[in-house]
Each structure stands twice: as C-alpha cells, then as structure tokens.
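Novice: Before I ask anything, let me first share the structure, which is written out below as structure tokens.
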Protein chains: 2
Amino acid sequence: MTTRSTTRSAQPRVPLSRERVLQVTLGLADQVGLDSLSMRRLGQELGVEAMALYHHFASRDEIVDGLVDLVFAEVDLPLGEGDWKVEMRRRAISLRDVLLRHRWAIGLMESRRNPGAAGLRHHDAVIGSLRAGGFDIVMAAHAYSVLDSYIYGFALTKMNLPFEASEEVADVAQDMLEAFPVNEYPHLVEMIGHALKPGYDFGDEFAFGLDLILDGLGRIRAIE
Amino acid sequence: MTTRSTTRSAQPRVPLSRERVLQVTLGLADQVGLDSLSMRRLGQELGVEAMALYHHFASRDEIVDGLVDLVFAEVDLPLGEGDWKVEMRRRAISLRDVLLRHRWAIGLMESRRNPGAAGLRHHDAVIGSLRAGGFDIVMAAHAYSVLDSYIYGFALTKMNLPFEASEEVADVAQDMLEAFPVNEYPHLVEMIGHALKPGYDFGDEFAFGLDLILDGLGRIRAIE
DNA sequence: TGCCGTGACTGTACGGTGTAAAGTTCGGAG
DNA sequence: CTCCGAACTTTACACCGTACAGTCACGGCA
C-alpha cells in the first residue's frame, strides 16, 4: 500500500513551477478574492500540500508580488511615437479594464516593494509617452500623478460600490435611506433617483473624468 | 480569593460603551493599522476580554462601520451658500488630510453597506453644494465622480508609496533599479531623478490635479 | 548494480485570527 | 431575600501563515 512507486504510471506528477502556480493563483484570486486565497486552498487547487509552495516562493507575499506583475503585463502600453493624448487614453481605459478584471489588485499595484519587470516597463512607457508628447519632466510628473490617481481611484470606488446591478441599487438605496426621514438628505435622494434611471451606469462616468483631465493637461501643456 | 466583590473599591469598573470602544479603536487603528487590530488586542487596550466587545457590537465589521463614520465626521463639509469651487476645494483638501491621517480607512469609506449619519450628511452636503453652484443633477454626478475618484486615488497612491521620507526614496529607488541595466528604463530613471531633487514632495502634486479638475468642471459648467 | 545526495513534496506543530456557546459575577427591582 | 438581566469571562472551534523535520523518487557516480 505504501509503495506507490510501482504503480506510478497513474499520476505522472508534473512538478510545480513558479509560472504554473502564478497562473492558477491568478484565476483563483479573480474568483474568490485575495483574502480568501489561503496557502492551503491554493495548494488544494494545485493538487499539492500548502507547504509545497514554499519550495518555489519564500512567502505568500512573494506570490502576490508575482501576481501583481502578471496584472501589469495585461495593460496595454502607450506607444512613444503616437499622439500622447490618444495613447494615454488607450492606456487609461486598458488599465481600468484590467483593474476591474482583477479587483483584488487595486491598492497593491503601486505598493509592492519589489516591482517586477512588467511594472517597471509600464511606468517607463507612460513617462516616455508623455515626454515624447512634449511634457517636460515636471509636467510629466504632474500628469502621471493626476491620471493614475484618477484611474486607481475610479477603480477603487467602483470596486467598492455596495451593489452591482441596477436592481440591487434600488434595494441598497432603500435600506440605506429607509431609517431616515427623507427630508434630511434631499440632495442625496435626488442623486439616488438619478442613478436609478434606466440608462444610468456608473461605469460610464469614467470617460467623462478621463477626457476632462486629458483636455486640461493638453491646455496646460500648450500654454507653457 | 474568588470573592473579589468585597474589595471592589480598587477598580470601579466603568462599563464599556459603543462610544468609548470606537474612540479607543480609532486611536489604535491609526497607530497599528486595521489589520493588526484584532478583537483580543482591542479588548486588551480596553482592559477587557475580547468577547466583551460582542455585547456592544455584533461583529468586528460593525466596529469598522462605526470607525468609518467617525472618520467621515472629521471631514469639513462644503457650505451650500459659498462659491462652489472654493467649497469643493476646501472639502477636497480636508478629505485628503483626513484620509492621510487614517490611512487604513481608504477603501472602506465608499464600501460600507451600512453608512452612518456622518457619511450620509457628507454626501448630501457635497451634492447640495454642487447643485447650488449651478450644476444640474447629471453634471453633479459627473463632478462628484471625478473629484472623489481623484481624491481617493491620490490618497491610495500616496498611502501605498513604498517610502516615506526623501532619504528612503533614494534607497528604495536604488534597490528597485540596481538589478536592471540603466538603459532599459531611461524615462523611469529620469523621473526618479526628478523625484529625488531636494524640493520635490509628492504630496504637492495633489493641488495641481485638484485645480486642473476644478477648472475643467468650471469650464464645462459655463458652456452648458 | 548499488549507493547516496538532492530536490520536491508531506506531516506536524505553533501562535495567531474571528466568533459561537456556555458559564460567572453583580447591582438593583420585586 | 430572591431572582433577573446585563456585563463580562472561559472555553472551544475552524481557520490562517509558516517553521521545521521527515519521506520519497530520481540522477550521477562507484
């Protein structure tokens, strides 16, 4: 019974690898979130005990580092030679999409002390596109700061919205307000009414703010 | 020995209250962060066993709800009668300051399913100020979305910066880049050089983006 | 062919987490 | 004096990351 070696043909036992672990972890994180992703659960998903992972990664945190870089790699890089506004817009929308696809990553992308190659390449490409577009280094820093604050903030806000579909909105809004007299928060009530209208989708707000910022940057760059 | 009742004069034993718990928790969260704030640790700080807290709060999450509302209460509300741009600017800076004072709260402020009175009052005041400033409800939704995405995103980015003071920046940047050939990320290197210059403080970037957005909003409102 | 090191993985254990459930203590009302 | 209910404690459970030691199969070498 204990000698499984003679019948090893059943399971060829492909060994783990950093790549395979990260790929599976990424999928699992998207499904259950990063908090619910324990080493034991992850090992189970890979057909292995939890401690086996420590032969390929020093800690759970090192796995997260790898995950973040995989996410960065999904973002469309801006091209240096194109129109900076077009490139920045494309990159912003791509980054937002990626963040909404991997909601657990928001708040980790900028914080990792050990950035991976994809993250570094991303930063370099964004700054390079701005510089090629005529921004000096001071203005490029300003522009990068506004844009990324906005993109990450939007993703953060949208991620944390306590509802998803329109029908849920109504329920949550109802719960939120039913305990209070309507007159106490008249403007909030008006806004909720607006958000409940059939055509409204909070996700559409992104383009408005993005274009407002890009236009502002264009104007300031022109003056300077 | 077991009858401590006869010598009860030593410790008058002030009972807990939601207010006292929240106040102490707020201070503790600012010191050690929200993750390190366990029920046991919190009880210890209050001179009580962890389970005693469950007589005043249904769960750890309910404590966090209360905490978030305390944070909202610290934010300066915009006045309905003032110039909307001045009011929005004041409120934005106040919110940023509050978020940097309570870094653990970023990402929780917009997500709570059970908003408190201070949070509702805050939302109502912001929308009210915009409406009084001439924004219709559609534009007010746009404006609120851009502004808060930017403010929360900025706080998130600044919170997560893997360094604090200028000297640390140099070390971290060194670590980040030393493994790579300098030529591979020339623009990133230039930007780090810019950020290392004595006068530079990332916190100053906030005003640039804020004014850019406020000006953009003013322009669009005027056209409309 | 036998041996033995090495790398991949497992088993067990420790101190931590949130919280369910039951037990203790005690001031005040009847 | 009794008894109730509120405030608090004790104990327990299932889970977490990970330190540490053990097991097992395979490749190179005698």
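Each chain of the structure tokens is named A, B, ... in the order shown, its residues numbered from 1; ligands are numbered from 1 in display order.
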Can you check which residues of chain A have any atom within 9 Å of chain D? Use only C-alpha atoms (C1' of nucleotides) and format it as a list in words.
Specialist: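 Contact residues on the first chain: Ser5, Ser38, Met39, Met51, Tyr54, Ser59 and Arg60 of chain A.
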Novice: For the interface of chain A with chain B (cut-off 6 Å, counting only C-alpha atoms), please tabulate each contacting residue of chain A alongside its nearest pair of atoms and their separation in Å to one decimal, rows sorted by chain and increasing number, as CSV.
Specialist:
residue,atom,partner,partner_atom,distance
A:Ser111,CA,B:Asn160,CA,4.5
A:Arg113,CA,B:Pro162,CA,5.8
A:Asp124,CA,B:Leu188,CA,4.8
A:Ile127,CA,B:His187,CA,5.9
A:Gly128,CA,B:His187,CA,5.5
A:Val146,CA,B:Gly209,CA,5.2
A:Ser149,CA,B:Gly153,CA,4.2
A:Tyr150,CA,B:Tyr150,CA,4.4
A:Tyr152,CA,B:Gly153,CA,5.3
A:Gly153,CA,B:Gly153,CA,3.5
A:Phe154,CA,B:Ser149,CA,4.6
A:Asn160,CA,B:Ser111,CA,4.5
A:Leu161,CA,B:Ser111,CA,5.6
A:Pro162,CA,B:Ser111,CA,5.7
A:Tyr185,CA,B:Asp124,CA,5.6
A:His187,CA,B:Asp124,CA,5.3
A:Leu188,CA,B:Asp124,CA,4.8
A:Gly209,CA,B:Val146,CA,5.2
Novice: Using only C-alpha atoms (C1' of nucleotides), select each residue of chain A with any atom at most 10 Å away from an atom of chain C, and give the selection as a list in words.
Specialist: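 Going by the stated atoms only, the list reads Pro15, Leu16, Val48, Glu49, Ala50, Met51, Ala52, Leu53, His55 and His56 of chain A.
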Novice: Find the residue from A:Ala29, A:Val75, A:Leu196, A:Asp201 that sits nearest to Asp97 of chain A; use only C-alpha atoms when measuring.
Specialist: A:Val75
Novice: Select from segment 1-219 of chain A everything DSSP, run on the backbone, classes as helix (DSSP H, G or I), then give the selection as a PyMOL selection string.
Specialist: chain A and resi 18-32+39-46+50-55+60-73+84-101+103-105+117-132+137-160+166-178+182-184+186-196+202-219
Novice: What does the structure give for the distance between atom CA of Arg221 of chain A and atom CA of Ser94 of chain B, in Å to one decimal?
Specialist: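 So the answer is 28.5 Å.
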Novice: Would you list the contacts of Glu87 of chain A as a ChimeraX atom specification, taking every protein, DNA or RNA residue within 9 Å and counting only C-alpha atoms (C1' of nucleotides), but skipping same-chain residues closer than 5 positions in sequence?
Specialist: /A:77-80,82,92,126,129
Novice: What's the separation between atom CA of Gly66 of chain A and atom CA of Val21 of chain A, in Å to one decimal place?
Specialist: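 Distance reported for this atom pair: 9.8 Å.
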